[in-house]
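Visitor: The structure that follows is given in the form of structure tokens.
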Amino acid sequence: MDLNNETLLDIHLRMVRIRTFETEAGKMAEAGKIPGALHLYVGQEAVAGGIMAHLSNDDWITSTHRGHGHLIAKGGEFGKMFAELYGRATGYCKGKGGSMHISNMQLGMLGANGIVGAGPPIAVGAAFSIKYRNAPNVAVTFFGDGASNEGSFHEAANMAALYKLPVLFVCENNGYGEYTAQANHQAIVDVADRAAGYGMPGVVVDGMDAIAVYEATAAAIERAKEGLGPSLLECKTYRFFDHVGVRGMGLSYRTDDELAEWQKRDPILIFEVRLAELGVLSEAQAKEIHEKVLADVKEGIEFAEASPMPNPDSLLEDVYA
Amino acid sequence: MDLNNETLLDIHLRMVRIRTFETEAGKMAEAGKIPGALHLYVGQEAVAGGIMAHLSNDDWITSTHRGHGHLIAKGGEFGKMFAELYGRATGYCKGKGGSMHISNMQLGMLGANGIVGAGPPIAVGAAFSIKYRNAPNVAVTFFGDGASNEGSFHEAANMAALYKLPVLFVCENNGYGEYTAQANHQAIVDVADRAAGYGMPGVVVDGMDAIAVYEATAAAIERAKEGLGPSLLECKTYRFFDHVGVRGMGLSYRTDDELAEWQKRDPILIFEVRLAELGVLSEAQAKEIHEKVLADVKEGIEFAEASPMPNPDSLLEDVYA
Amino acid sequence: MAEARELTYIGAVAEATKTVLQEQDNAFVAGEDVAGAGGVFGSYRGILEEFGDRRIVDTPISEEGIIGLGVGAAATGLRPIVDIMFMDFMGECMDEIANQMAKMRYMFGGSAKLPITIITMSGGGINMAAQHSQSLEAWICHLPGLKVVAPSTPYDVKGLIISAARDDNPVFVVLNKLSLRNRGDVPEASYEIPVGEAKVVREGGDVTIVTYSRMVGEAIAAADKLAESGIDAEILDLRSLQPMDTAAIVASVKKTQHVVVVHEAVRFGGLGGEIAAQIQEEAFDYLDAPIARVGAPFSPVPFSPVLEQAYIPNAERIVEEVTKLLGVA
Amino acid sequence: MAEARELTYIGAVAEATKTVLQEQDNAFVAGEDVAGAGGVFGSYRGILEEFGDRRIVDTPISEEGIIGLGVGAAATGLRPIVDIMFMDFMGECMDEIANQMAKMRYMFGGSAKLPITIITMSGGGINMAAQHSQSLEAWICHLPGLKVVAPSTPYDVKGLIISAARDDNPVFVVLNKLSLRNRGDVPEASYEIPVGEAKVVREGGDVTIVTYSRMVGEAIAAADKLAESGIDAEILDLRSLQPMDTAAIVASVKKTQHVVVVHEAVRFGGLGGEIAAQIQEEAFDYLDAPIARVGAPFSPVPFSPVLEQAYIPNAERIVEEVTKLLGVA
Ligand SMILES: Cc1ncc(C[n+]2csc(CCOP(=O)(O)OP(=O)(O)O)c2C)c(N)n1
Ligand SMILES: Cc1ncc(C[n+]2csc(CCOP(=O)(O)OP(=O)(O)O)c2C)c(N)n1
Ligand SMILES: [Mg+2]
Ligand SMILES: [Mg+2]
């Protein structure tokens, strides 16, 4: 395990960056400053943090409607991200994509995606590309428990295993697809149980524990790079905000108690306790990091708010190469 | 086990009816009398025979492009079937469907289907209907090893298990999807391994052994009728003719040896040996049955050939109710 | 017949659905988050409470499975109302729509009956970007075996859903998400609006605006504006797209001799082409000018509000086209 | 440049594909039974032997997975040629086509490039019934971000596939299965036919027949027949459907002042409507009669040969329409 202090701090920083960005984005959305739908990642940071710490810009990921966290952990800049959420010309997608399509090809991020389950087949294509070029990289596809019921996941998983492609299927099981609890959308408890049906290993990981995620990912990446094919990692996690926005539509599909239970296992909280125990990060240092990141986030918001709207004439640009 | 002599003979007759119909249909196709594509069921008779012996007209099935066998075992009449293959007005679908869409609602047969994987979701709908009406019936969906890689299978299996619907997923694994061997389309050996991922039992059955099929089906139906939900039965079988027609395109994707090995386990041959051992059917009686069925088949062909073509004016009928 | 009172467009969906469930024991609703949540747009609020979970069923996120469920249930005697949250998601289930639902009856020589109602949401304007804003009715109107309606008012929503649910064929009810809060008078009692009948929503003598769904509202705004310049526009709300009320279109065009076809869908390959082609086939000699078409430009729906505003057809663009058409500009 | 010699329509697919694989290291082919079997229509015969299984890959029966593979591979630097055996199977993968492949570049603000070629088979006439005989090009031509070509001759097949494969955008090559054995001259060397350029395949002064794919052959047969009655038809083979060569259409119509649009697809909602609408927009004053459309009637494709013959547009129906149009009948 190469989990040295530097890596631990790296993972921590990615997580704090996500948390801070998302929390502030939520506020901006509630203030009516962000158009459209915003699916926030708060609560799931250990997954993006623990996995992305392994990846370089030459490794590809596909993301979901809940994609900010993935892009941030992959190196996304706050300014360009906020600008995109605000629909500004300076955003990652020139304002054409918004939250649900935020992407950055240079960072190896093949887009958030508004279609549940659309990512896995694309990641399989990226992994095919890696193998074709004999490159030392992997592709990672993130998808939810709800998405695991889409046929696209099934087809992608089968193809990946068949071709022994270097791809990780990462199911972020937060217990709900929108307002439907897992027990009401599938008759299994562990999505990881689906792996055997494709001929790949399936592992259940504590998705609130960044170190556990990091380690499970290391094993899966090693396997992939040895040419042994894909793995399915199911990260059990929870979203602290509602399905869309912070408070969503105010439905009572989950209890306050349940939320409170999971919040006790806040992935950043427990990680910071661990880092303190390990003597890697003191409370004061952590505070400093949070403050620094918050300042960066605010700068990002300022950048976005000061940015111009796209020129209506750009409407028909970028349809074709 | 209610496998009394009557049932054994019933299964046998269904199988012989399929074999004879398909063999003669193949000849008619080679003689240029049947337009379009014909996917013959020869070799797989134990599956349709062993399963359909359990079903009444109030049980629903969905079929595949290789659907004649299912319809025959469900009670299809030779005359109307040949007429349909010939494109005659007297066919089950008035000549509008042909081999790939042959159906009969009265017999509970929701059609052959030209789209690989389209059947399972429809069967789930039929099973939903059965449960909704609290009827003492089941739905059975037949599909191939190749079809098990379609997303539609995945979605249907998950929904069936979730709702505990009375439906049997019957995978007729004949080792090939068209000209692609199973090992080249999925990284697993047993499609039954997929069942666990949906929360249903998965059973591998010797698909050349009608009794084994019959018994596995009995258990699955019992389970379904008790409200415990679906099962996946994988019947290992083989098709003796080519993917399409008798000799197909003449590709060498499988060896003569392999075919010969499987032909030694011809489902009708081994069943007749067994029936003789059991003293249920003598060789002479078997011969008589084959002859009688052949005569019926020929009568069916005569009916078809004597039948009128559809009136071109019927072209726009039956689009809407 | 009970009094009419104001309902929202989306409230009319819920009321129509309840009416159908009351009238038909074999009718049920299935879709993603339709039961517990009452639909993400609120279309089915109150139905779970009133009818229980036998009649309204939350499904997994499995659009192909959902449509298949509807097809199989309908063919075997039920009358499913199936919800596909956003019309854009039809991509996930076009096989069950196009190759099964639309064709099963025909392929079976008429022996199957498919009484399915599919309720879905089209259109942009709420900054949901390229994958949640499309108007893809052209895909389904091109498929023999399907019917398609696209109501513009709460009144039509209720009447068309009830008609759809009573129809023994698959009927798509294409709703519009920017219209959800529009209000209008809706009778409490059950009533039908015949599938296939257009409606003149404004009479006029100078030009016919043929349109449907939310663009009816834009056409009305345009007509008000045009009236200021003395142009008297007739507005035809198609309401049904398949079958289409060609007779009503032609009658109006023969009167006004000028026509603009308007839809929110992408102009190229949209239904406007079909409508224009039919008009000139049937009323060639009455036309004083080319049939104009207003539709979305040839790009995906952009996210940024300024771009989306520039993208979606509106009253202003209709006014422009009419003015150009009448040579007034 | 080497000599031209006769090839079949399907032989031209194989030759074009080989040419592309030779010219572009990053090009590969993926699809069901494309490698070992060489394609069920023989489109890729010999490619496995020549290029090995790195460059041509058999896939599971997973159309959504196949298109996704193409999208992901293209976005990350490869140039996939993806085979969807029958166009009817697009129903299984419309999401990856419509919502991913077509929109990714735009949604990403132009940062992704999607050089994918999709090869697929359309059309009826070989008694394959409702689910294996459709012409669904209207679905994809309505989607900004895609290009669509539909060659009628072996020469065009080769040139258009090579152009498609060199294009940095997704291009659908819609082939026709009843044309597979048609023969025609094809140069051995590599050459392009520009996407977006129509071709006058027969000059004439009395009427323009606008068509594409196999219907070009029917139009030629019709023109021969019409010539016997002294009617001189011009035939425009669109070749590209998206983008469409409106200028070429309009130029011909201005000359002949009469036009019949012909396609095998269902008439209602087919591309014919778009073409007719564009013609009257751009050449209204030149038209002496309504633009006529020939397309399939409003039903699924029937199985029985007698019904299928009655269903599919042919030379006879074109002759009828032209005769009616010119008022000769
Ligand atoms: C194909 C498709 N179907 C439905 C939706 C609507 N939708 C958006 S998010 C969502 C829930 C997804 O659940 P899950 O995959 O568990 O991800 P989570 O939101 O929990 O992160 C649904 C149903 C969609 N966007 N795309
Ligand atoms: C959606 C779809 N994809 C591809 C095909 C072409 N096709 C017809 S049969 C077949 C093979 C099916 O294999 P399997 O499911 O194993 O059934 P078998 O033919 O072996 O009975 C294929 C690929 C099709 N008809 N439908
Ligand atoms: Mg979830
Ligand atoms: Mg098979």
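Residue names in the structure tokens use chain letters A, B, ... in the order shown, residue numbers from 1 in each chain, and ligand numbers from 1 in the order shown.
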Distance limit 8 Å, reference ligand 3, atoms considered: only C-alpha atoms and all ligand atoms. Which residues make the cut? Give them as a PyMOL selection string.
Guide: chain A and resi 144-147+172-178+182
Visitor: Fewer than 4 positions away in the same chain doesn't count, so skip those; otherwise give me all residues within 9 Å of Ile312 (chain D), counting only C-alpha atoms, as an MDAnalysis selection string.
Guide: chainID D and resid 123:125 264:265 295:297 301 307:308
Visitor: Any idea which chain D residues end up within 6 Å of chain C if we count only C-alpha atoms, as a list in words please?
Guide: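 Filtering chain D at 6 Å from chain C with only C-alpha atoms gives Gly91, Glu92, Met94, Asp95, Trp139, His142, Pro144, Phe268, Gly269, Gly273, Glu274, Ala276, Ala277, Gln280, Glu281, Phe284, Pro290, Phe298 and Ser299 of chain D.
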Visitor: May I have the residues from that selection written out with N, CA and C atoms, as a PDB file, in the first residue's frame?
Guide:
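Writing done, so here's again.pdb:
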```pdb
ATOM      1  N   GLY D  91     -33.550   1.048 -32.436  1.00  0.00           N
ATOM      2  CA  GLY D  91     -34.410   1.183 -31.261  1.00  0.00           C
ATOM      3  C   GLY D  91     -33.695   0.780 -29.990  1.00  0.00           C
ATOM      4  N   GLU D  92     -32.776  -0.155 -30.101  1.00  0.00           N
ATOM      5  CA  GLU D  92     -32.047  -0.639 -28.935  1.00  0.00           C
ATOM      6  C   GLU D  92     -30.947   0.310 -28.492  1.00  0.00           C
ATOM      7  N   MET D  94     -30.954   4.009 -29.339  1.00  0.00           N
ATOM      8  CA  MET D  94     -31.206   5.410 -29.666  1.00  0.00           C
ATOM      9  C   MET D  94     -30.672   6.354 -28.604  1.00  0.00           C
ATOM     10  N   ASP D  95     -30.590   5.926 -27.369  1.00  0.00           N
ATOM     11  CA  ASP D  95     -30.044   6.867 -26.389  1.00  0.00           C
ATOM     12  C   ASP D  95     -28.588   7.184 -26.690  1.00  0.00           C
ATOM     13  N   TRP D 139     -35.537   9.492 -38.288  1.00  0.00           N
ATOM     14  CA  TRP D 139     -35.167   9.627 -36.867  1.00  0.00           C
ATOM     15  C   TRP D 139     -33.821  10.326 -36.702  1.00  0.00           C
ATOM     16  N   HIS D 142     -33.103  14.127 -37.991  1.00  0.00           N
ATOM     17  CA  HIS D 142     -33.731  15.160 -37.146  1.00  0.00           C
ATOM     18  C   HIS D 142     -32.810  15.511 -35.965  1.00  0.00           C
ATOM     19  N   PRO D 144     -29.488  17.098 -34.631  1.00  0.00           N
ATOM     20  CA  PRO D 144     -28.291  17.914 -34.839  1.00  0.00           C
ATOM     21  C   PRO D 144     -27.071  17.223 -34.230  1.00  0.00           C
ATOM     22  N   PHE D 268     -45.746   9.389 -44.141  1.00  0.00           N
ATOM     23  CA  PHE D 268     -46.055  10.334 -43.060  1.00  0.00           C
ATOM     24  C   PHE D 268     -44.833  10.489 -42.156  1.00  0.00           C
ATOM     25  N   GLY D 269     -44.347  11.708 -42.071  1.00  0.00           N
ATOM     26  CA  GLY D 269     -43.208  11.961 -41.193  1.00  0.00           C
ATOM     27  C   GLY D 269     -41.879  11.552 -41.776  1.00  0.00           C
ATOM     28  N   GLY D 273     -41.385  15.043 -46.446  1.00  0.00           N
ATOM     29  CA  GLY D 273     -42.056  16.243 -45.961  1.00  0.00           C
ATOM     30  C   GLY D 273     -41.070  17.399 -45.843  1.00  0.00           C
ATOM     31  N   GLU D 274     -39.937  17.114 -45.261  1.00  0.00           N
ATOM     32  CA  GLU D 274     -38.901  18.141 -45.116  1.00  0.00           C
ATOM     33  C   GLU D 274     -38.465  18.653 -46.487  1.00  0.00           C
ATOM     34  N   ALA D 276     -40.074  18.531 -49.357  1.00  0.00           N
ATOM     35  CA  ALA D 276     -41.151  19.284 -49.999  1.00  0.00           C
ATOM     36  C   ALA D 276     -41.269  20.674 -49.383  1.00  0.00           C
ATOM     37  N   ALA D 277     -41.198  20.721 -48.058  1.00  0.00           N
ATOM     38  CA  ALA D 277     -41.322  22.018 -47.390  1.00  0.00           C
ATOM     39  C   ALA D 277     -40.205  22.960 -47.841  1.00  0.00           C
ATOM     40  N   GLN D 280     -40.783  24.274 -51.518  1.00  0.00           N
ATOM     41  CA  GLN D 280     -41.756  25.358 -51.696  1.00  0.00           C
ATOM     42  C   GLN D 280     -41.301  26.640 -50.993  1.00  0.00           C
ATOM     43  N   GLU D 281     -40.461  26.492 -49.975  1.00  0.00           N
ATOM     44  CA  GLU D 281     -39.902  27.701 -49.364  1.00  0.00           C
ATOM     45  C   GLU D 281     -38.977  28.434 -50.326  1.00  0.00           C
ATOM     46  N   PHE D 284     -41.004  28.603 -54.548  1.00  0.00           N
ATOM     47  CA  PHE D 284     -42.465  28.681 -54.606  1.00  0.00           C
ATOM     48  C   PHE D 284     -42.968  29.150 -55.973  1.00  0.00           C
ATOM     49  N   PRO D 290     -48.470  21.057 -57.200  1.00  0.00           N
ATOM     50  CA  PRO D 290     -48.006  20.653 -55.868  1.00  0.00           C
ATOM     51  C   PRO D 290     -46.840  19.675 -55.970  1.00  0.00           C
ATOM     52  N   PHE D 298     -49.155   3.951 -44.507  1.00  0.00           N
ATOM     53  CA  PHE D 298     -49.065   4.012 -43.056  1.00  0.00           C
ATOM     54  C   PHE D 298     -49.393   2.683 -42.392  1.00  0.00           C
ATOM     55  N   SER D 299     -48.454   1.762 -42.529  1.00  0.00           N
ATOM     56  CA  SER D 299     -48.558   0.482 -41.821  1.00  0.00           C
ATOM     57  C   SER D 299     -47.151  -0.044 -41.611  1.00  0.00           C
TER      58      SER D 299
END
```
Visitor: Could the residues of chain A within 8 Å of chain D, counting only C-alpha atoms, be given as a VMD selection string, please?
Guide: chain A and resid 92 to 97 101 to 105 111 115 118 120 to 129 132 152 155 to 156 159 317 to 321
Visitor: Could you save the residues just selected, with N, CA, C and O atoms, as a short mmCIF file (atom, residue, chain, number, x, y, z; two decimals), in the first residue's frame?
Guide:
```cif
data_model
loop_
_atom_site.label_atom_id
_atom_site.label_comp_id
_atom_site.auth_asym_id
_atom_site.auth_seq_id
_atom_site.Cartn_x
_atom_site.Cartn_y
_atom_site.Cartn_z
N TYR A 92 -16.56 25.53 -18.45
CA TYR A 92 -15.87 24.41 -19.10
C TYR A 92 -16.52 24.06 -20.43
O TYR A 92 -15.86 23.56 -21.33
N CYS A 93 -17.81 24.27 -20.53
CA CYS A 93 -18.51 23.93 -21.77
C CYS A 93 -19.07 25.18 -22.45
O CYS A 93 -20.05 25.08 -23.19
N LYS A 94 -18.47 26.31 -22.16
CA LYS A 94 -18.93 27.59 -22.73
C LYS A 94 -20.40 27.86 -22.40
O LYS A 94 -21.10 28.55 -23.16
N GLY A 95 -20.87 27.27 -21.33
CA GLY A 95 -22.26 27.47 -20.93
C GLY A 95 -23.25 26.59 -21.67
O GLY A 95 -24.45 26.67 -21.45
N LYS A 96 -22.76 25.75 -22.55
CA LYS A 96 -23.69 24.93 -23.33
C LYS A 96 -24.14 23.67 -22.61
O LYS A 96 -25.15 23.07 -22.96
N GLY A 97 -23.34 23.25 -21.62
CA GLY A 97 -23.65 21.99 -20.96
C GLY A 97 -24.36 22.16 -19.62
O GLY A 97 -25.34 21.50 -19.32
N HIS A 101 -23.86 18.33 -17.68
CA HIS A 101 -22.97 17.90 -18.76
C HIS A 101 -21.56 18.42 -18.59
O HIS A 101 -20.77 18.40 -19.53
N ILE A 102 -21.26 18.88 -17.40
CA ILE A 102 -19.95 19.49 -17.18
C ILE A 102 -18.85 18.46 -17.45
O ILE A 102 -18.97 17.30 -17.08
N SER A 103 -17.83 18.91 -18.14
CA SER A 103 -16.82 17.96 -18.63
C SER A 103 -15.49 18.65 -18.77
O SER A 103 -15.41 19.87 -18.78
N ASN A 104 -14.46 17.89 -18.89
CA ASN A 104 -13.19 18.44 -19.35
C ASN A 104 -12.33 17.35 -19.94
O ASN A 104 -11.85 16.45 -19.24
N MET A 105 -12.15 17.43 -21.24
CA MET A 105 -11.41 16.38 -21.96
C MET A 105 -9.94 16.35 -21.54
O MET A 105 -9.34 15.28 -21.47
N GLY A 111 -17.42 13.88 -19.09
CA GLY A 111 -18.72 14.49 -18.91
C GLY A 111 -19.58 13.91 -17.82
O GLY A 111 -19.65 12.70 -17.63
N ILE A 115 -28.33 11.40 -18.65
CA ILE A 115 -29.04 10.14 -18.87
C ILE A 115 -28.50 9.09 -17.91
O ILE A 115 -27.32 8.72 -17.98
N ALA A 118 -25.99 6.08 -18.96
CA ALA A 118 -25.36 6.26 -20.27
C ALA A 118 -23.83 6.16 -20.21
O ALA A 118 -23.19 5.90 -21.22
N PRO A 120 -21.56 3.99 -18.50
CA PRO A 120 -20.77 2.74 -18.60
C PRO A 120 -20.40 2.33 -20.03
O PRO A 120 -19.22 2.00 -20.27
N PRO A 121 -21.31 2.37 -21.00
CA PRO A 121 -20.87 1.97 -22.35
C PRO A 121 -19.77 2.90 -22.90
O PRO A 121 -18.88 2.43 -23.62
N ILE A 122 -19.84 4.16 -22.55
CA ILE A 122 -18.83 5.10 -23.04
C ILE A 122 -17.48 4.82 -22.39
O ILE A 122 -16.43 4.86 -23.04
N ALA A 123 -17.51 4.50 -21.11
CA ALA A 123 -16.27 4.16 -20.42
C ALA A 123 -15.65 2.90 -21.01
O ALA A 123 -14.42 2.78 -21.12
N VAL A 124 -16.50 1.97 -21.40
CA VAL A 124 -15.99 0.76 -22.04
C VAL A 124 -15.30 1.14 -23.35
O VAL A 124 -14.24 0.59 -23.69
N GLY A 125 -15.84 2.09 -24.05
CA GLY A 125 -15.19 2.58 -25.27
C GLY A 125 -13.84 3.23 -24.97
O GLY A 125 -12.86 3.01 -25.68
N ALA A 126 -13.79 3.99 -23.89
CA ALA A 126 -12.51 4.62 -23.52
C ALA A 126 -11.50 3.55 -23.13
O ALA A 126 -10.32 3.64 -23.49
N ALA A 127 -11.95 2.53 -22.42
CA ALA A 127 -11.05 1.45 -22.03
C ALA A 127 -10.60 0.65 -23.25
O ALA A 127 -9.44 0.20 -23.33
N PHE A 128 -11.49 0.50 -24.20
CA PHE A 128 -11.13 -0.17 -25.45
C PHE A 128 -10.01 0.61 -26.12
O PHE A 128 -9.03 0.04 -26.63
N SER A 129 -10.16 1.91 -26.10
CA SER A 129 -9.18 2.80 -26.69
C SER A 129 -7.82 2.68 -25.98
O SER A 129 -6.76 2.61 -26.61
N TYR A 132 -6.39 -0.64 -26.98
CA TYR A 132 -6.01 -0.59 -28.41
C TYR A 132 -4.65 0.09 -28.56
O TYR A 132 -3.81 -0.34 -29.35
N SER A 152 -28.09 -0.53 -20.11
CA SER A 152 -26.78 -0.07 -20.60
C SER A 152 -25.65 -0.53 -19.68
O SER A 152 -24.57 -0.87 -20.15
N GLU A 155 -25.00 -4.27 -20.51
CA GLU A 155 -24.29 -4.49 -21.77
C GLU A 155 -22.82 -4.09 -21.65
O GLU A 155 -21.92 -4.77 -22.16
N ALA A 156 -22.59 -2.98 -20.97
CA ALA A 156 -21.22 -2.49 -20.81
C ALA A 156 -20.40 -3.46 -19.96
O ALA A 156 -19.25 -3.77 -20.28
N MET A 159 -19.50 -6.58 -21.94
CA MET A 159 -18.47 -6.33 -22.95
C MET A 159 -17.10 -6.11 -22.32
O MET A 159 -16.09 -6.60 -22.82
N GLU A 317 -22.59 27.16 -32.99
CA GLU A 317 -21.22 26.65 -33.01
C GLU A 317 -21.12 25.36 -32.19
O GLU A 317 -21.91 25.15 -31.28
N ASP A 318 -20.15 24.56 -32.50
CA ASP A 318 -19.84 23.33 -31.74
C ASP A 318 -20.81 22.19 -31.97
O ASP A 318 -20.77 21.20 -31.24
N VAL A 319 -21.70 22.34 -32.94
CA VAL A 319 -22.56 21.19 -33.26
C VAL A 319 -21.74 20.15 -34.02
O VAL A 319 -21.81 18.95 -33.74
N TYR A 320 -20.95 20.64 -34.95
CA TYR A 320 -20.08 19.75 -35.73
C TYR A 320 -18.62 20.19 -35.60
O TYR A 320 -18.34 21.36 -35.35
N ALA A 321 -17.72 19.25 -35.78
CA ALA A 321 -16.29 19.56 -35.76
C ALA A 321 -15.93 20.22 -37.08
O ALA A 321 -16.57 19.97 -38.10
#
```
Visitor: Please, which residues of region 21-230 of chain D, numbered as in this document, come out strand (DSSP E) from DSSP, as a VMD selection string?
Guide: chain D and resid 27 to 31 56 to 58 79 to 84 117 to 122 147 to 149 171 to 176 183 to 187 199 to 202 207 to 211
Visitor: Using 12 Å as the limit and counting only C-alpha atoms, can you tabulate each residue of chain A that touches chain B, with its shortest atom-to-atom distance in Å and the two atoms involved, as a tab-separated table?
Guide:
```
residue	atom	partner	partner_atom	distance
A:Gly117	CA	B:Gly151	CA	10.9
A:Pro121	CA	B:Gly151	CA	11.4
A:Gly146	CA	B:Asn158	CA	11.4
A:Ala147	CA	B:Glu155	CA	10.7
A:Ser148	CA	B:Glu155	CA	9.4
A:Asn149	CA	B:Glu155	CA	5.9
A:Glu150	CA	B:Glu155	CA	6.2
A:Gly151	CA	B:Gly151	CA	3.4
A:Ser152	CA	B:Gly151	CA	5.8
A:Phe153	CA	B:Gly151	CA	7.6
A:His154	CA	B:Gly151	CA	5.7
A:Glu155	CA	B:Gly151	CA	5.8
A:Ala156	CA	B:Gly151	CA	9.1
A:Ala157	CA	B:Asn149	CA	9.5
A:Asn158	CA	B:Gln186	CA	6.1
A:Met159	CA	B:Gln186	CA	7.2
A:Ala160	CA	B:Ala187	CA	9.2
A:Ala161	CA	B:Ala187	CA	6.0
A:Leu162	CA	B:Ala187	CA	4.8
A:Tyr163	CA	B:Ala187	CA	8.3
A:Lys164	CA	B:Ala187	CA	8.8
A:Leu165	CA	B:Ala187	CA	11.8
A:Gln182	CA	B:Leu162	CA	10.2
A:Ala183	CA	B:Leu162	CA	8.2
A:Asn184	CA	B:Leu162	CA	7.1
A:His185	CA	B:Leu162	CA	6.6
A:Gln186	CA	B:Leu162	CA	5.3
A:Ala187	CA	B:Leu162	CA	4.8
A:Ile188	CA	B:Gly199	CA	5.4
A:Val189	CA	B:Gly199	CA	8.8
A:Asp190	CA	B:Gly197	CA	8.4
A:Val191	CA	B:Gly197	CA	7.3
A:Ala192	CA	B:Gly197	CA	8.0
A:Asp193	CA	B:Gly197	CA	5.1
A:Arg194	CA	B:Gly197	CA	4.1
A:Ala195	CA	B:Gly197	CA	7.6
A:Ala196	CA	B:Asp193	CA	6.8
A:Gly197	CA	B:Arg194	CA	4.1
A:Tyr198	CA	B:Ala187	CA	6.2
A:Gly199	CA	B:Ile188	CA	5.4
A:Met200	CA	B:Ala187	CA	8.4
A:Pro201	CA	B:Ala187	CA	12.0
A:Gly202	CA	B:Gly197	CA	10.9
A:Leu228	CA	B:Ala187	CA	11.7
A:Gly229	CA	B:Ala187	CA	10.4
A:Pro230	CA	B:Ala187	CA	11.3
```
Visitor: What is the distance between CA of Ala181 (chain A) and atom 21 (O, counted along the ligand's line) of ligand 1, in Å to one decimal?
Guide: 11.9 Å
Visitor: Identify which of the residues D:Ala221, D:Val157, D:Leu226, D:Ala198 lies closest to Ala251 (chain D), counting only C-alpha atoms when measuring atom-to-atom distances.
Guide: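 Between D:Ala221, D:Val157, D:Leu226, D:Ala198, the residue approaching Ala251 (chain D) most closely is D:Ala198.
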Visitor: With only C-alpha atoms and all ligand atoms as the atoms that count, which of B:Gln44, B:Asn311, B:Ser56, B:Ser99 lies nearest to ligand 4?
Guide: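 Smallest distance to ligand 4 is found for B:Gln44.
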Visitor: Leaving out region 286-292 of chain B and any residue of its chain fewer than 2 positions from it, which residues lie within 9 Å of it when counting only C-alpha atoms, given as a tab-separated table (two decimals) with N, CA, C and O atoms, in the first residue's frame?
Guide:
```tsv
chain	number	residue	atom	x	y	z
B	13	LEU	N	-44.82	-36.24	-27.71
B	13	LEU	CA	-45.57	-35.82	-28.89
B	13	LEU	C	-45.25	-34.38	-29.27
B	13	LEU	O	-45.05	-34.05	-30.44
B	16	VAL	N	-41.90	-34.42	-31.00
B	16	VAL	CA	-41.93	-34.99	-32.35
B	16	VAL	C	-42.64	-34.03	-33.31
B	16	VAL	O	-42.23	-33.86	-34.46
B	17	ARG	N	-43.67	-33.41	-32.81
B	17	ARG	CA	-44.37	-32.44	-33.65
B	17	ARG	C	-43.42	-31.30	-34.08
B	17	ARG	O	-43.42	-30.89	-35.24
B	20	THR	N	-40.68	-32.70	-36.60
B	20	THR	CA	-41.20	-33.01	-37.93
B	20	THR	C	-41.57	-31.74	-38.68
B	20	THR	O	-41.23	-31.57	-39.86
B	272	GLU	N	-36.64	-41.18	-26.37
B	272	GLU	CA	-37.31	-42.41	-26.81
B	272	GLU	C	-36.64	-43.64	-26.20
B	272	GLU	O	-37.32	-44.62	-25.84
B	281	LEU	N	-43.17	-46.48	-24.16
B	281	LEU	CA	-43.30	-46.34	-25.62
B	281	LEU	C	-42.34	-47.30	-26.30
B	281	LEU	O	-41.13	-47.21	-26.10
B	282	SER	N	-42.90	-48.16	-27.11
B	282	SER	CA	-42.05	-49.09	-27.83
B	282	SER	C	-41.53	-48.43	-29.10
B	282	SER	O	-42.04	-47.38	-29.52
B	283	GLU	N	-40.55	-49.06	-29.69
B	283	GLU	CA	-39.99	-48.52	-30.93
B	283	GLU	C	-41.07	-48.43	-32.00
B	283	GLU	O	-41.16	-47.44	-32.72
B	284	ALA	N	-41.89	-49.46	-32.06
B	284	ALA	CA	-42.95	-49.48	-33.07
B	284	ALA	C	-43.96	-48.36	-32.84
B	284	ALA	O	-44.38	-47.67	-33.77
B	294	LEU	N	-45.95	-36.86	-39.23
B	294	LEU	CA	-45.50	-36.47	-40.56
B	294	LEU	C	-46.68	-36.29	-41.50
B	294	LEU	O	-46.73	-35.33	-42.28
B	295	ALA	N	-47.63	-37.17	-41.38
B	295	ALA	CA	-48.83	-37.04	-42.22
B	295	ALA	C	-49.55	-35.73	-41.90
B	295	ALA	O	-49.98	-35.00	-42.80
B	296	ASP	N	-49.64	-35.41	-40.61
B	296	ASP	CA	-50.28	-34.15	-40.22
B	296	ASP	C	-49.51	-32.95	-40.78
B	296	ASP	O	-50.10	-31.97	-41.23
B	297	VAL	N	-48.20	-33.04	-40.70
B	297	VAL	CA	-47.38	-31.94	-41.21
B	297	VAL	C	-47.62	-31.77	-42.71
B	297	VAL	O	-47.81	-30.66	-43.20
```
